[in-house]
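Step one of this worksheet: look at the structure below.
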Amino acid sequence: MKANYFLGNGQFGLREEAVPELGENDVLVKVAACGICGTDVHIYHGDKGSAEVHPPVVLGHELSGTVVKVGERVKNIQEGDHVSIDTNSYCGKCHYCQIGKKQLCENLYAVGVNRNGGFEEYCAVPESQCYQLAPSVPLKYGAMAEPLACCLHGIDRAGIRVGDTVCVIGGGAIGLMMVQLAKLSGASRVILSEPVAMRREIGLKLGADDTIDPVHENVSEAIRGFIGQPGTDVVIECVGNTTAVRQAFEAAKRGTTVLLFSVPKAGTFHELSLEEVYQKELKIIGSMINPDTHGRAVALINQGKIRLEEIITHSFPVEQLKDAILMQMSDESIKVIVEP
């Protein structure tokens, strides 16, 4: 089979090798689609992912495919099943696992980060990490379940109430899923701030009520024009740079919850006005991966509750993985997938 290994320093190496051996609790998945994540871009540039990366390793943690073989003790998954993979496994023994916060596990183990993942033709994964897709669901949609599951954890932490107003900063794949989830959570009005016109247009198609071009408009003034208030009840930042974080605070009125959802580059800092936090009584929240939300994400996809076709804009063969990552970094794309 073909496997494209990350070698470090922005380099990849395509290899021909044997199909992975299965443990007794593993399943072998013929990979149909694997998304390029912002974390993959960080790893490409030399930063860590959700766990430490030790090249050479096959990246790719947003994957789906068809089960072609099962281990001796596998009970609930069968050959021929279409599955989406929950990337993350936890030790169950560290302090954070034992207090019910396994997403903060000190020994996090992730398919496509520190175990070979989806940028190969066949991937061996534990049965426990497999979630069944409806046969009618395109397999490429199954590759979106992992980022959708992460978004669900963020939405849970943001605590949107029915009738709240929400501003989403950033109209990439994550931001466009957040727009839809905010609406499903009962938001009365969702405003998307995004500098790329194509993404703003798609945001409106997917449920945003209003859009802002933050390059040419003042975010807080635009929000006041839309809703008659200086900010929204909840702000969800989905970009990962200091400019977007500054806009998130500009979009926050008094009493707002600000969810800093994105994965920033290592070493990124934002100067924060403590007086503003105090006077506005802001609630600032982070969100880490997808504890116990993958099943909910797959359920939403199986029931057609989340629109994904407009979000997936480009696909590449596994041989062109580096090109795929570069395209994901471009304003031309929203979501790029690799189809081994």
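Residues are referred to by chain and number: the chain letter is A, B, ... according to the order shown in the structure tokens, the number counts from 1 in that chain, and ligands are numbered separately from 1 in the order shown.
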Enumerate the residues of segment 37-176 of chain A with a DSSP assignment of alpha helix (DSSP H), computed from the backbone, and present them as a PDB file with all heavy atoms, in the first residue's frame.
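Output (part-v3.pdb):
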```
ATOM      1  N   GLY A  38      -6.030  22.174  10.679  1.00  0.00           N
ATOM      2  CA  GLY A  38      -5.104  23.240  11.053  1.00  0.00           C
ATOM      3  C   GLY A  38      -3.956  22.715  11.892  1.00  0.00           C
ATOM      4  O   GLY A  38      -2.830  23.236  11.831  1.00  0.00           O
ATOM      5  N   THR A  39      -4.216  21.650  12.668  1.00  0.00           N
ATOM      6  CA  THR A  39      -3.144  21.030  13.437  1.00  0.00           C
ATOM      7  C   THR A  39      -2.085  20.443  12.530  1.00  0.00           C
ATOM      8  O   THR A  39      -0.882  20.513  12.816  1.00  0.00           O
ATOM      9  CB  THR A  39      -3.721  19.943  14.362  1.00  0.00           C
ATOM     10  OG1 THR A  39      -4.644  20.546  15.263  1.00  0.00           O
ATOM     11  CG2 THR A  39      -2.618  19.267  15.160  1.00  0.00           C
ATOM     12  N   ASP A  40      -2.502  19.840  11.399  1.00  0.00           N
ATOM     13  CA  ASP A  40      -1.533  19.316  10.433  1.00  0.00           C
ATOM     14  C   ASP A  40      -0.643  20.437   9.895  1.00  0.00           C
ATOM     15  O   ASP A  40       0.554  20.249   9.680  1.00  0.00           O
ATOM     16  CB  ASP A  40      -2.250  18.626   9.272  1.00  0.00           C
ATOM     17  CG  ASP A  40      -3.012  17.394   9.696  1.00  0.00           C
ATOM     18  OD1 ASP A  40      -2.470  16.604  10.493  1.00  0.00           O
ATOM     19  OD2 ASP A  40      -4.152  17.214   9.231  1.00  0.00           O
ATOM     20  N   VAL A  41      -1.247  21.595   9.682  1.00  0.00           N
ATOM     21  CA  VAL A  41      -0.468  22.747   9.202  1.00  0.00           C
ATOM     22  C   VAL A  41       0.556  23.159  10.255  1.00  0.00           C
ATOM     23  O   VAL A  41       1.711  23.442   9.936  1.00  0.00           O
ATOM     24  CB  VAL A  41      -1.410  23.911   8.847  1.00  0.00           C
ATOM     25  CG1 VAL A  41      -0.600  25.154   8.482  1.00  0.00           C
ATOM     26  CG2 VAL A  41      -2.338  23.524   7.694  1.00  0.00           C
ATOM     27  N   HIS A  42       0.140  23.167  11.527  1.00  0.00           N
ATOM     28  CA  HIS A  42       1.087  23.490  12.599  1.00  0.00           C
ATOM     29  C   HIS A  42       2.228  22.477  12.641  1.00  0.00           C
ATOM     30  O   HIS A  42       3.401  22.847  12.782  1.00  0.00           O
ATOM     31  CB  HIS A  42       0.364  23.508  13.947  1.00  0.00           C
ATOM     32  CG  HIS A  42      -0.473  24.730  14.176  1.00  0.00           C
ATOM     33  ND1 HIS A  42       0.057  26.000  14.223  1.00  0.00           N
ATOM     34  CD2 HIS A  42      -1.804  24.874  14.366  1.00  0.00           C
ATOM     35  CE1 HIS A  42      -0.914  26.873  14.430  1.00  0.00           C
ATOM     36  NE2 HIS A  42      -2.049  26.220  14.520  1.00  0.00           N
ATOM     37  N   ILE A  43       1.899  21.197  12.528  1.00  0.00           N
ATOM     38  CA  ILE A  43       2.926  20.153  12.549  1.00  0.00           C
ATOM     39  C   ILE A  43       3.868  20.324  11.366  1.00  0.00           C
ATOM     40  O   ILE A  43       5.097  20.172  11.497  1.00  0.00           O
ATOM     41  CB  ILE A  43       2.261  18.763  12.544  1.00  0.00           C
ATOM     42  CG1 ILE A  43       1.503  18.536  13.853  1.00  0.00           C
ATOM     43  CG2 ILE A  43       3.305  17.661  12.343  1.00  0.00           C
ATOM     44  CD1 ILE A  43       0.623  17.309  13.841  1.00  0.00           C
ATOM     45  N   TYR A  44       3.318  20.632  10.216  1.00  0.00           N
ATOM     46  CA  TYR A  44       4.117  20.873   9.006  1.00  0.00           C
ATOM     47  C   TYR A  44       5.154  21.971   9.261  1.00  0.00           C
ATOM     48  O   TYR A  44       6.298  21.903   8.788  1.00  0.00           O
ATOM     49  CB  TYR A  44       3.183  21.261   7.861  1.00  0.00           C
ATOM     50  CG  TYR A  44       3.857  21.737   6.599  1.00  0.00           C
ATOM     51  CD1 TYR A  44       4.421  20.841   5.707  1.00  0.00           C
ATOM     52  CD2 TYR A  44       3.921  23.102   6.296  1.00  0.00           C
ATOM     53  CE1 TYR A  44       5.024  21.280   4.532  1.00  0.00           C
ATOM     54  CE2 TYR A  44       4.516  23.547   5.130  1.00  0.00           C
ATOM     55  CZ  TYR A  44       5.067  22.638   4.249  1.00  0.00           C
ATOM     56  OH  TYR A  44       5.674  23.076   3.103  1.00  0.00           O
ATOM     57  N   HIS A  95      -4.045  12.185  36.420  1.00  0.00           N
ATOM     58  CA  HIS A  95      -4.897  13.045  37.258  1.00  0.00           C
ATOM     59  C   HIS A  95      -6.120  13.522  36.496  1.00  0.00           C
ATOM     60  O   HIS A  95      -7.249  13.479  37.023  1.00  0.00           O
ATOM     61  CB  HIS A  95      -4.071  14.238  37.740  1.00  0.00           C
ATOM     62  CG  HIS A  95      -4.887  15.331  38.364  1.00  0.00           C
ATOM     63  ND1 HIS A  95      -5.484  15.215  39.599  1.00  0.00           N
ATOM     64  CD2 HIS A  95      -5.211  16.577  37.893  1.00  0.00           C
ATOM     65  CE1 HIS A  95      -6.143  16.328  39.882  1.00  0.00           C
ATOM     66  NE2 HIS A  95      -5.989  17.167  38.867  1.00  0.00           N
ATOM     67  N   TYR A  96      -5.941  13.983  35.252  1.00  0.00           N
ATOM     68  CA  TYR A  96      -7.046  14.573  34.510  1.00  0.00           C
ATOM     69  C   TYR A  96      -8.068  13.531  34.085  1.00  0.00           C
ATOM     70  O   TYR A  96      -9.285  13.784  34.133  1.00  0.00           O
ATOM     71  CB  TYR A  96      -6.510  15.356  33.310  1.00  0.00           C
ATOM     72  CG  TYR A  96      -5.642  16.509  33.737  1.00  0.00           C
ATOM     73  CD1 TYR A  96      -4.250  16.438  33.629  1.00  0.00           C
ATOM     74  CD2 TYR A  96      -6.206  17.647  34.298  1.00  0.00           C
ATOM     75  CE1 TYR A  96      -3.455  17.472  34.058  1.00  0.00           C
ATOM     76  CE2 TYR A  96      -5.410  18.703  34.731  1.00  0.00           C
ATOM     77  CZ  TYR A  96      -4.028  18.615  34.608  1.00  0.00           C
ATOM     78  OH  TYR A  96      -3.248  19.636  35.042  1.00  0.00           O
ATOM     79  N   CYS A  97      -7.609  12.355  33.687  1.00  0.00           N
ATOM     80  CA  CYS A  97      -8.549  11.280  33.370  1.00  0.00           C
ATOM     81  C   CYS A  97      -9.383  10.912  34.591  1.00  0.00           C
ATOM     82  O   CYS A  97     -10.592  10.675  34.500  1.00  0.00           O
ATOM     83  CB  CYS A  97      -7.803  10.057  32.862  1.00  0.00           C
ATOM     84  SG  CYS A  97      -7.167  10.212  31.166  1.00  0.00           S
ATOM     85  N   GLN A  98      -8.747  10.899  35.746  1.00  0.00           N
ATOM     86  CA  GLN A  98      -9.430  10.456  36.955  1.00  0.00           C
ATOM     87  C   GLN A  98     -10.402  11.487  37.512  1.00  0.00           C
ATOM     88  O   GLN A  98     -11.264  11.135  38.324  1.00  0.00           O
ATOM     89  CB  GLN A  98      -8.400  10.051  38.016  1.00  0.00           C
ATOM     90  CG  GLN A  98      -7.637   8.786  37.632  1.00  0.00           C
ATOM     91  CD  GLN A  98      -6.694   8.325  38.719  1.00  0.00           C
ATOM     92  OE1 GLN A  98      -6.381   9.075  39.646  1.00  0.00           O
ATOM     93  NE2 GLN A  98      -6.229   7.086  38.617  1.00  0.00           N
ATOM     94  N   LEU A 139     -18.686   9.100   2.136  1.00  0.00           N
ATOM     95  CA  LEU A 139     -17.603   8.825   3.075  1.00  0.00           C
ATOM     96  C   LEU A 139     -16.776  10.072   3.378  1.00  0.00           C
ATOM     97  O   LEU A 139     -16.227  10.201   4.470  1.00  0.00           O
ATOM     98  CB  LEU A 139     -16.716   7.704   2.526  1.00  0.00           C
ATOM     99  CG  LEU A 139     -17.260   6.290   2.746  1.00  0.00           C
ATOM    100  CD1 LEU A 139     -16.492   5.282   1.911  1.00  0.00           C
ATOM    101  CD2 LEU A 139     -17.191   5.905   4.216  1.00  0.00           C
ATOM    102  N   LYS A 140     -16.698  10.990   2.419  1.00  0.00           N
ATOM    103  CA  LYS A 140     -15.921  12.204   2.695  1.00  0.00           C
ATOM    104  C   LYS A 140     -16.557  13.013   3.824  1.00  0.00           C
ATOM    105  O   LYS A 140     -15.860  13.731   4.539  1.00  0.00           O
ATOM    106  CB  LYS A 140     -15.763  13.051   1.431  1.00  0.00           C
ATOM    107  CG  LYS A 140     -17.056  13.630   0.873  1.00  0.00           C
ATOM    108  CD  LYS A 140     -16.764  14.457  -0.387  1.00  0.00           C
ATOM    109  CE  LYS A 140     -18.052  15.048  -0.971  1.00  0.00           C
ATOM    110  NZ  LYS A 140     -17.753  15.869  -2.183  1.00  0.00           N
ATOM    111  N   TYR A 141     -17.872  12.900   4.011  1.00  0.00           N
ATOM    112  CA  TYR A 141     -18.509  13.593   5.129  1.00  0.00           C
ATOM    113  C   TYR A 141     -18.055  12.989   6.457  1.00  0.00           C
ATOM    114  O   TYR A 141     -17.934  13.694   7.460  1.00  0.00           O
ATOM    115  CB  TYR A 141     -20.029  13.495   5.033  1.00  0.00           C
ATOM    116  CG  TYR A 141     -20.670  14.292   3.925  1.00  0.00           C
ATOM    117  CD1 TYR A 141     -19.912  15.036   3.020  1.00  0.00           C
ATOM    118  CD2 TYR A 141     -22.056  14.306   3.766  1.00  0.00           C
ATOM    119  CE1 TYR A 141     -20.505  15.752   2.001  1.00  0.00           C
ATOM    120  CE2 TYR A 141     -22.663  15.028   2.752  1.00  0.00           C
ATOM    121  CZ  TYR A 141     -21.891  15.747   1.867  1.00  0.00           C
ATOM    122  OH  TYR A 141     -22.486  16.461   0.860  1.00  0.00           O
ATOM    123  N   GLY A 142     -17.808  11.683   6.454  1.00  0.00           N
ATOM    124  CA  GLY A 142     -17.335  11.030   7.674  1.00  0.00           C
ATOM    125  C   GLY A 142     -16.006  11.564   8.147  1.00  0.00           C
ATOM    126  O   GLY A 142     -15.700  11.546   9.351  1.00  0.00           O
ATOM    127  N   ALA A 145     -16.304  14.376  10.720  1.00  0.00           N
ATOM    128  CA  ALA A 145     -16.875  14.132  12.044  1.00  0.00           C
ATOM    129  C   ALA A 145     -15.918  14.538  13.155  1.00  0.00           C
ATOM    130  O   ALA A 145     -16.353  15.066  14.188  1.00  0.00           O
ATOM    131  CB  ALA A 145     -17.264  12.659  12.189  1.00  0.00           C
ATOM    132  N   GLU A 146     -14.617  14.296  12.976  1.00  0.00           N
ATOM    133  CA  GLU A 146     -13.665  14.642  14.036  1.00  0.00           C
ATOM    134  C   GLU A 146     -13.629  16.151  14.290  1.00  0.00           C
ATOM    135  O   GLU A 146     -13.770  16.585  15.454  1.00  0.00           O
ATOM    136  CB  GLU A 146     -12.276  14.086  13.716  1.00  0.00           C
ATOM    137  CG  GLU A 146     -11.310  14.103  14.880  1.00  0.00           C
ATOM    138  CD  GLU A 146     -10.590  15.423  15.099  1.00  0.00           C
ATOM    139  OE1 GLU A 146     -10.586  16.262  14.158  1.00  0.00           O
ATOM    140  OE2 GLU A 146     -10.029  15.628  16.189  1.00  0.00           O
ATOM    141  N   PRO A 147     -13.462  16.998  13.276  1.00  0.00           N
ATOM    142  CA  PRO A 147     -13.508  18.437  13.572  1.00  0.00           C
ATOM    143  C   PRO A 147     -14.880  18.892  14.065  1.00  0.00           C
ATOM    144  O   PRO A 147     -14.965  19.788  14.909  1.00  0.00           O
ATOM    145  CB  PRO A 147     -13.142  19.097  12.235  1.00  0.00           C
ATOM    146  CG  PRO A 147     -13.358  18.052  11.199  1.00  0.00           C
ATOM    147  CD  PRO A 147     -13.068  16.754  11.866  1.00  0.00           C
ATOM    148  N   LEU A 148     -15.952  18.271  13.566  1.00  0.00           N
ATOM    149  CA  LEU A 148     -17.283  18.616  14.056  1.00  0.00           C
ATOM    150  C   LEU A 148     -17.415  18.252  15.534  1.00  0.00           C
ATOM    151  O   LEU A 148     -18.012  19.005  16.315  1.00  0.00           O
ATOM    152  CB  LEU A 148     -18.350  17.908  13.224  1.00  0.00           C
ATOM    153  CG  LEU A 148     -19.801  18.158  13.621  1.00  0.00           C
ATOM    154  CD1 LEU A 148     -20.156  19.642  13.523  1.00  0.00           C
ATOM    155  CD2 LEU A 148     -20.747  17.325  12.748  1.00  0.00           C
ATOM    156  N   ALA A 149     -16.839  17.114  15.919  1.00  0.00           N
ATOM    157  CA  ALA A 149     -16.876  16.703  17.332  1.00  0.00           C
ATOM    158  C   ALA A 149     -16.133  17.701  18.210  1.00  0.00           C
ATOM    159  O   ALA A 149     -16.576  18.016  19.324  1.00  0.00           O
ATOM    160  CB  ALA A 149     -16.276  15.306  17.481  1.00  0.00           C
ATOM    161  N   CYS A 150     -15.013  18.206  17.722  1.00  0.00           N
ATOM    162  CA  CYS A 150     -14.280  19.236  18.466  1.00  0.00           C
ATOM    163  C   CYS A 150     -15.133  20.496  18.600  1.00  0.00           C
ATOM    164  O   CYS A 150     -15.179  21.125  19.674  1.00  0.00           O
ATOM    165  CB  CYS A 150     -12.967  19.556  17.771  1.00  0.00           C
ATOM    166  SG  CYS A 150     -11.751  18.206  17.774  1.00  0.00           S
ATOM    167  N   CYS A 151     -15.824  20.861  17.520  1.00  0.00           N
ATOM    168  CA  CYS A 151     -16.705  22.029  17.574  1.00  0.00           C
ATOM    169  C   CYS A 151     -17.820  21.827  18.599  1.00  0.00           C
ATOM    170  O   CYS A 151     -18.187  22.761  19.325  1.00  0.00           O
ATOM    171  CB  CYS A 151     -17.321  22.299  16.206  1.00  0.00           C
ATOM    172  SG  CYS A 151     -16.178  22.934  14.974  1.00  0.00           S
ATOM    173  N   LEU A 152     -18.359  20.611  18.678  1.00  0.00           N
ATOM    174  CA  LEU A 152     -19.421  20.337  19.642  1.00  0.00           C
ATOM    175  C   LEU A 152     -18.936  20.549  21.076  1.00  0.00           C
ATOM    176  O   LEU A 152     -19.667  21.095  21.910  1.00  0.00           O
ATOM    177  CB  LEU A 152     -19.924  18.912  19.468  1.00  0.00           C
ATOM    178  CG  LEU A 152     -20.919  18.694  18.324  1.00  0.00           C
ATOM    179  CD1 LEU A 152     -21.111  17.202  18.065  1.00  0.00           C
ATOM    180  CD2 LEU A 152     -22.246  19.359  18.639  1.00  0.00           C
ATOM    181  N   HIS A 153     -17.712  20.117  21.363  1.00  0.00           N
ATOM    182  CA  HIS A 153     -17.166  20.352  22.706  1.00  0.00           C
ATOM    183  C   HIS A 153     -17.065  21.852  22.981  1.00  0.00           C
ATOM    184  O   HIS A 153     -17.397  22.316  24.081  1.00  0.00           O
ATOM    185  CB  HIS A 153     -15.798  19.682  22.827  1.00  0.00           C
ATOM    186  CG  HIS A 153     -15.145  19.867  24.156  1.00  0.00           C
ATOM    187  ND1 HIS A 153     -15.775  19.583  25.347  1.00  0.00           N
ATOM    188  CD2 HIS A 153     -13.893  20.327  24.495  1.00  0.00           C
ATOM    189  CE1 HIS A 153     -14.951  19.848  26.359  1.00  0.00           C
ATOM    190  NE2 HIS A 153     -13.818  20.302  25.862  1.00  0.00           N
ATOM    191  N   GLY A 154     -16.625  22.610  21.980  1.00  0.00           N
ATOM    192  CA  GLY A 154     -16.555  24.060  22.139  1.00  0.00           C
ATOM    193  C   GLY A 154     -17.925  24.679  22.343  1.00  0.00           C
ATOM    194  O   GLY A 154     -18.112  25.550  23.208  1.00  0.00           O
ATOM    195  N   ILE A 155     -18.904  24.231  21.579  1.00  0.00           N
ATOM    196  CA  ILE A 155     -20.274  24.733  21.724  1.00  0.00           C
ATOM    197  C   ILE A 155     -20.816  24.421  23.115  1.00  0.00           C
ATOM    198  O   ILE A 155     -21.463  25.259  23.768  1.00  0.00           O
ATOM    199  CB  ILE A 155     -21.181  24.137  20.632  1.00  0.00           C
ATOM    200  CG1 ILE A 155     -20.885  24.783  19.275  1.00  0.00           C
ATOM    201  CG2 ILE A 155     -22.657  24.287  20.996  1.00  0.00           C
ATOM    202  CD1 ILE A 155     -21.404  26.196  19.102  1.00  0.00           C
ATOM    203  N   ASP A 156     -20.529  23.219  23.598  1.00  0.00           N
ATOM    204  CA  ASP A 156     -20.957  22.862  24.954  1.00  0.00           C
ATOM    205  C   ASP A 156     -20.365  23.833  25.968  1.00  0.00           C
ATOM    206  O   ASP A 156     -21.042  24.280  26.898  1.00  0.00           O
ATOM    207  CB  ASP A 156     -20.505  21.441  25.296  1.00  0.00           C
ATOM    208  CG  ASP A 156     -21.275  20.370  24.545  1.00  0.00           C
ATOM    209  OD1 ASP A 156     -22.316  20.683  23.945  1.00  0.00           O
ATOM    210  OD2 ASP A 156     -20.816  19.206  24.559  1.00  0.00           O
ATOM    211  N   ARG A 157     -19.090  24.150  25.812  1.00  0.00           N
ATOM    212  CA  ARG A 157     -18.416  25.024  26.769  1.00  0.00           C
ATOM    213  C   ARG A 157     -18.893  26.472  26.638  1.00  0.00           C
ATOM    214  O   ARG A 157     -18.914  27.207  27.625  1.00  0.00           O
ATOM    215  CB  ARG A 157     -16.899  24.936  26.592  1.00  0.00           C
ATOM    216  CG  ARG A 157     -16.360  23.607  27.098  1.00  0.00           C
ATOM    217  CD  ARG A 157     -14.850  23.499  27.027  1.00  0.00           C
ATOM    218  NE  ARG A 157     -14.128  24.562  27.703  1.00  0.00           N
ATOM    219  CZ  ARG A 157     -14.023  24.707  29.017  1.00  0.00           C
ATOM    220  NH1 ARG A 157     -14.624  23.842  29.818  1.00  0.00           N
ATOM    221  NH2 ARG A 157     -13.326  25.693  29.529  1.00  0.00           N
ATOM    222  N   ALA A 158     -19.280  26.871  25.445  1.00  0.00           N
ATOM    223  CA  ALA A 158     -19.740  28.252  25.244  1.00  0.00           C
ATOM    224  C   ALA A 158     -21.088  28.502  25.918  1.00  0.00           C
ATOM    225  O   ALA A 158     -21.405  29.638  26.278  1.00  0.00           O
ATOM    226  CB  ALA A 158     -19.831  28.566  23.751  1.00  0.00           C
ATOM    227  N   ALA A 173     -13.449  26.150   7.691  1.00  0.00           N
ATOM    228  CA  ALA A 173     -14.301  24.982   7.928  1.00  0.00           C
ATOM    229  C   ALA A 173     -14.860  24.986   9.345  1.00  0.00           C
ATOM    230  O   ALA A 173     -16.052  24.731   9.569  1.00  0.00           O
ATOM    231  CB  ALA A 173     -13.512  23.706   7.664  1.00  0.00           C
ATOM    232  N   ILE A 174     -14.011  25.285  10.332  1.00  0.00           N
ATOM    233  CA  ILE A 174     -14.463  25.302  11.721  1.00  0.00           C
ATOM    234  C   ILE A 174     -15.507  26.384  11.939  1.00  0.00           C
ATOM    235  O   ILE A 174     -16.570  26.148  12.525  1.00  0.00           O
ATOM    236  CB  ILE A 174     -13.269  25.497  12.673  1.00  0.00           C
ATOM    237  CG1 ILE A 174     -12.322  24.287  12.613  1.00  0.00           C
ATOM    238  CG2 ILE A 174     -13.744  25.744  14.100  1.00  0.00           C
ATOM    239  CD1 ILE A 174     -12.929  22.994  13.093  1.00  0.00           C
ATOM    240  N   GLY A 175     -15.243  27.583  11.471  1.00  0.00           N
ATOM    241  CA  GLY A 175     -16.181  28.678  11.653  1.00  0.00           C
ATOM    242  C   GLY A 175     -17.526  28.399  11.007  1.00  0.00           C
ATOM    243  O   GLY A 175     -18.578  28.708  11.577  1.00  0.00           O
ATOM    244  N   LEU A 176     -17.514  27.772   9.819  1.00  0.00           N
ATOM    245  CA  LEU A 176     -18.771  27.494   9.130  1.00  0.00           C
ATOM    246  C   LEU A 176     -19.559  26.382   9.813  1.00  0.00           C
ATOM    247  O   LEU A 176     -20.798  26.374   9.773  1.00  0.00           O
ATOM    248  CB  LEU A 176     -18.495  27.148   7.665  1.00  0.00           C
ATOM    249  CG  LEU A 176     -17.953  28.314   6.831  1.00  0.00           C
ATOM    250  CD1 LEU A 176     -17.574  27.848   5.438  1.00  0.00           C
ATOM    251  CD2 LEU A 176     -18.961  29.464   6.753  1.00  0.00           C
TER     252      LEU A 176
END
```
Query raised in the report: If you count only C-alpha atoms, which residues fall within 12 Å of Gly23 of chain A, apart from same-chain ones fewer than 3 positions away, as a PyMOL selection string?
Result: chain A and resi 20+26-28+69-74+124-127
Residue selection dump (C-alpha atoms) as a CSV table (one decimal), in the first residue's frame:
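Below is the file out_20.csv, written as the result:
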```
chain,number,residue,atom,x,y,z
A,20,PRO,CA,-0.7,-2.9,8.8
A,26,ASP,CA,-8.3,-3.6,16.0
A,27,VAL,CA,-10.1,-3.1,12.7
A,28,LEU,CA,-8.5,-2.4,9.3
A,69,LYS,CA,-10.8,-6.8,8.2
A,70,VAL,CA,-11.5,-7.1,11.9
A,71,GLY,CA,-9.4,-8.5,14.8
A,72,GLU,CA,-10.4,-11.7,16.7
A,73,ARG,CA,-12.1,-10.0,19.6
A,74,VAL,CA,-13.9,-7.3,17.6
A,124,ALA,CA,-5.4,0.0,11.6
A,125,VAL,CA,-7.4,1.5,14.5
A,126,PRO,CA,-9.0,0.2,17.7
A,127,GLU,CA,-12.6,-0.9,17.4
```
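Rounded to one decimal, atom CA of Met178 of chain A and atom CA of Val258 of chain A lie 13.6 Å from each other.
Distance-wise, atom CA of Lys280 of chain A and atom CA of Ser262 of chain A end up 22.6 Å apart.
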Requested in this report: Name the residues of segment 231-337 of chain A that come out as strand (DSSP E) in a backbone DSSP run; write them as a ChimeraX atom specification.
Outcome: /A:232-237,252-260,283-286,312-316,335-337
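The closest residue to Asn116 of chain A, picked from A:Val190, A:Ala208, A:Cys130, A:Asn4 and counting only C-alpha atoms, is A:Asn4.
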Please produce, as a tab-separated table, a per-residue contact table for segment 102-193 of chain A versus segment 211-232 of chain A (criterion: any atom at most 9 Å away, only C-alpha atoms considered), showing the nearest atom pair and its distance in Å to one decimal, sorted by chain then residue number.
```
residue	atom	partner	partner_atom	distance
A:Asp164	CA	A:Thr232	CA	7.8
A:Thr165	CA	A:Thr232	CA	5.1
A:Val166	CA	A:Thr232	CA	5.4
A:Cys167	CA	A:Thr232	CA	6.2
A:Arg189	CA	A:Ile227	CA	8.6
A:Val190	CA	A:Thr211	CA	8.7
A:Ile191	CA	A:Thr211	CA	5.5
A:Leu192	CA	A:Thr211	CA	4.7
A:Ser193	CA	A:Ile212	CA	4.5
```
Report task. Just the residues within 9 Å of Ile306 of chain A, please, counting only C-alpha atoms, with nothing from its chain fewer than 2 positions along; format it as a ChimeraX atom specification. Result -> /A:177,180-181,206,300-301,303-304,308
Take the selection from the previous step and output its residues with N, CA and C atoms, as an mmCIF file, in the first residue's frame.
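Everything below was put into again_0.cif:
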```cif
data_model
loop_
_atom_site.group_PDB
_atom_site.id
_atom_site.type_symbol
_atom_site.label_atom_id
_atom_site.label_comp_id
_atom_site.auth_asym_id
_atom_site.auth_seq_id
_atom_site.Cartn_x
_atom_site.Cartn_y
_atom_site.Cartn_z
ATOM 1 N N MET A 177 -18.863 25.448 10.459
ATOM 2 C CA MET A 177 -19.585 24.464 11.259
ATOM 3 C C MET A 177 -20.101 25.102 12.543
ATOM 4 N N GLN A 180 -23.394 26.823 11.990
ATOM 5 C CA GLN A 180 -24.523 25.899 11.950
ATOM 6 C C GLN A 180 -24.875 25.375 13.346
ATOM 7 N N LEU A 181 -23.856 25.054 14.138
ATOM 8 C CA LEU A 181 -24.110 24.550 15.486
ATOM 9 C C LEU A 181 -24.723 25.618 16.380
ATOM 10 N N LEU A 206 -25.152 28.906 4.725
ATOM 11 C CA LEU A 206 -25.184 27.878 5.766
ATOM 12 C C LEU A 206 -25.847 28.349 7.059
ATOM 13 N N LEU A 300 -25.264 13.731 13.908
ATOM 14 C CA LEU A 300 -25.671 14.915 13.146
ATOM 15 C C LEU A 300 -25.433 14.725 11.655
ATOM 16 N N ILE A 301 -24.299 14.117 11.320
ATOM 17 C CA ILE A 301 -23.973 13.870 9.913
ATOM 18 C C ILE A 301 -24.921 12.832 9.328
ATOM 19 N N GLN A 303 -27.895 12.181 10.117
ATOM 20 C CA GLN A 303 -29.247 12.726 9.985
ATOM 21 C C GLN A 303 -29.308 13.951 9.076
ATOM 22 N N GLY A 304 -28.181 14.334 8.485
ATOM 23 C CA GLY A 304 -28.172 15.455 7.557
ATOM 24 C C GLY A 304 -28.415 16.799 8.204
ATOM 25 N N LEU A 308 -22.205 19.981 4.700
ATOM 26 C CA LEU A 308 -20.755 19.854 4.557
ATOM 27 C C LEU A 308 -20.280 20.013 3.113
#
```
Requested in this report: Within 9 Å of Cys238 of chain A, counting only C-alpha atoms, which residues show up once you throw out same-chain ones fewer than 4 positions away? Write them as a list in words, please.
Outcome: Val168, Ile169, Gly170, Gly171, Gly172, Ile174, Gly175, Met178, Ala244, Val245, Leu259, Leu260, Phe261, Ser262 and Val263 of chain A
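Closest to Tyr5 of chain A among A:Val57, A:Ile334, A:Ala297, A:Leu274 is A:Val57, based on only C-alpha atoms.
Minimum atom-to-atom distances from A:Cys91, A:Ala251, A:Ala33, A:Val137 to Ile337 of chain A were compared using only C-alpha atoms, and the lowest value belongs to A:Ala33.
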Requested in this report: Name the residues in contact with Asp331 of chain A at a cut-off of 10 Å, using only C-alpha atoms, excluding same-chain residues fewer than 6 positions from it; report them as a ChimeraX atom specification.
Outcome: /A:172,195-199
Query raised in the report: Pick the closest to Pro135 of chain A from A:Arg161, A:Lys75, A:Lys101, A:His82: which is it, counting only C-alpha atoms?
Result: A:His82
